[in-house]
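Heads up, the thing below is written out as structure tokens.
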Amino acid sequence: MIDAKKFWNQRFQEHMKETSRYLRYIFNGHIAIAMIFFISALAYYYQQWLMNLPESFPTAWIVGIAFGLVASYSPVRTLLKEPDLIFLLPAEHQLGNYFKRCLLYSFVIQLYLIFIVAAALGPLYFASYPALGTQHYLTMIIVILIAKGWNMLANWWMLKERNANIRLTDQLVRGVISVLLFYFLAQGEWVFASVVTILLVAIMLYAYYLSRKKAGLAFDLLVSKDQARMRTFYRIANMFTDVPHLKNTVKKRHSLVRLLLAPISYRQDQTFTYLYRITFVRSSDYLGMYLRLMAIGGLAIWFVPNLWVKVAFAILFLYLSAFQMMSLWNHHRTVAWLDLYPIKQEWKQTAMLKGLTQLMVVQTVVFTLLFVIQANWLGAVIVLAGGIVFSAAFIQGYVKQKLV
């Protein structure tokens with residue numbers, strides 16, 4: 001006989017111990033300072049932009065899409081593991097209280113996203129719809145909490161469905177309906193919002209009807225979903241510290257691989273240059289993070305009006321990108337075959353420093369081009385010169401000391 005409450009407490013404590021261990025490294029001093037600067041600058045210019053907000057700005061659609069997506073994206077964390085497929089499957093009927101606690105835990109840990117979005121869009125909404133007031137916005141927050149709970153229940157019921165296309169269709173339909181619901185609420189259209197709410201409830205009832213026709217839970221699907229979310233967390237944590245049990249995925253990307261490997265000659269001293277480039281392109285960790293940071297930095301540079309803040313953002317994202325890419329150094333640490341290569345250790349360090357320098361220079365050039373497109377010639381010169389100087393100083397003064 002399984003004590004569901006005791007089993008939940010055990011799994012929850014293990015989960016919190018595992019995640020808190022890595023969260024300490026993710027929110028370290030470097031990232032905390034960068035995030036404070038980034039958020040402070042965005043808040044300042046956000047307030048400045050709201051003072052000149054055009055009347056035709058589609059605030060209702062932005063609020064509707066943001067609130068609708070937050071409400072409809074409601075994954076359920078079950079904290080299940082692979083051995084549970086064997087040991088818990090016969091005891092499914094005893095785990096009712098366990099899964100109820102999973103639903104409650106999933107709802108609570110996703111509340112932060114609702115409050116962040118609500119806090120971010122609040123000033124925009126009040127500037128666009130001053131007549132509706134604070135009370136109406138608070139009502140929308142209450143509605144999103146209710147819709148979040150509904151969508152989470154619907155997601156849980158649909159996890160009994162093994163057909164991925166049916167689950168995807170259900171997710172898309174509920175997402176569209178949730179967006180429409182908050183679009184009408186943002187404009188104060190209560191009649192249309194009521195009609196859409198009825199549709200959302202009907203979709204939920206249909207999901208419940210489908211779940212009642214299924215014999216039991218799809219334990220393999222629950223385990224795979226939970227493992228996928230933990231892999232995402234581990235990939236983020238791996239950029240800050242060593243995650244030994246992370247299972248990396250590999251992408252083919254043949255065209256990009258050929259493009260980056262073409263200039264490399266087949267010499268011993270180029271071994272790690274070849275390895276780091278192909279790892280950067282094909283691993284699921286690095287290329288995506290590098291491009292995302294470049295895109296976010298580019299957007300900040302493009303929309304922030306002040307020249308020196310633009311330059312500060314360019315240097316900030318140059319630093320963040322280089323800091324994240326440093327984890328390439330330890331990517332192959334568990335591969336014993338590399339120690340058998342007849343190559344010198346300094347060649348490995350040289351390849352890493354050179355590759356990281358090239359990535360920083362490419363990002364510097366991209367940021368410089370954004371200034372050129374905006375005809376901001378002084379900013380272009382400052383970012384180009386400052387980016388190259390910062391790259392050289394960061395590589396030689398910080399990164400080189402860490403590559404041991």
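Letters for chains follow the order of the structure tokens (A, B, ...), residue numbers begin at 1 for each chain, and ligand numbers begin at 1 in the order shown.
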
- Task: Can you pull out every residue within 6 Å of region 50-67 of chain A, counting only C-alpha atoms, but drop anything in the same chain fewer than 6 positions away, and send it as a VMD selection string?
- Result: chain A and resid 179 182 to 183 186

- Message: I'd like the neighbourhood of Val383 (chain A) as a list of chain:residue names, where a residue qualifies if any of its atoms comes within 8 Å (using only C-alpha atoms), though same-chain residues fewer than 3 positions away should be ignored.
- Response: A:Val311, A:Ala314, A:Ile315, A:Thr364, A:Phe367, A:Thr368, A:Gly379, A:Ala380, A:Gly386, A:Gly387

- Message: I'd like to know which of A:Leu113, A:Phe313, A:Ile177, A:Trp156 is closest to Phe37 (chain A), using only C-alpha atoms.
- Response: A:Phe313

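Among A:Arg24, A:Arg77, A:Arg235, A:Arg167, the residue with the shortest atom-to-atom distance to Leu210 (chain A), counting only C-alpha atoms, is A:Arg167.
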
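Candidate residues A:Leu320, A:Tyr98, A:Gly122, A:Ser106 were compared for distance to Lys6 (chain A), and the nearest is A:Tyr98, using only C-alpha atoms.
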
- Query: DSSP on the backbone: what in region 150-340 of chain A comes out helix (DSSP H, G or I), as a ChimeraX atom specification?
  - Reply: /A:150-158,164-186,190-212,219-237,254-261,268-282,286-303,307-330,336-340

List every residue of region 291-356 of chain A that has an atom at most 10 Å from any atom of region 275-285 of chain A, and for each one report the closest atom pair and its distance in Å to one decimal, counting only C-alpha atoms, with rows sorted by chain and then by increasing residue number, as a Markdown table.
| residue | atom | partner | partner_atom | distance |
| --- | --- | --- | --- | --- |
| A:Gln324 | CA | A:Asp285 | CA | 9.7 |
| A:Met325 | CA | A:Phe280 | CA | 8.6 |
| A:Ser327 | CA | A:Asp285 | CA | 9.7 |
| A:Leu328 | CA | A:Tyr276 | CA | 7.0 |
| A:Trp329 | CA | A:Tyr276 | CA | 8.3 |
| A:His331 | CA | A:Thr279 | CA | 8.4 |
| A:His332 | CA | A:Thr279 | CA | 9.2 |
| A:Lys348 | CA | A:Tyr276 | CA | 9.4 |
| A:Ala351 | CA | A:Tyr276 | CA | 7.7 |
| A:Met352 | CA | A:Tyr276 | CA | 7.2 |
| A:Gly355 | CA | A:Tyr276 | CA | 7.6 |
| A:Leu356 | CA | A:Tyr276 | CA | 9.7 |
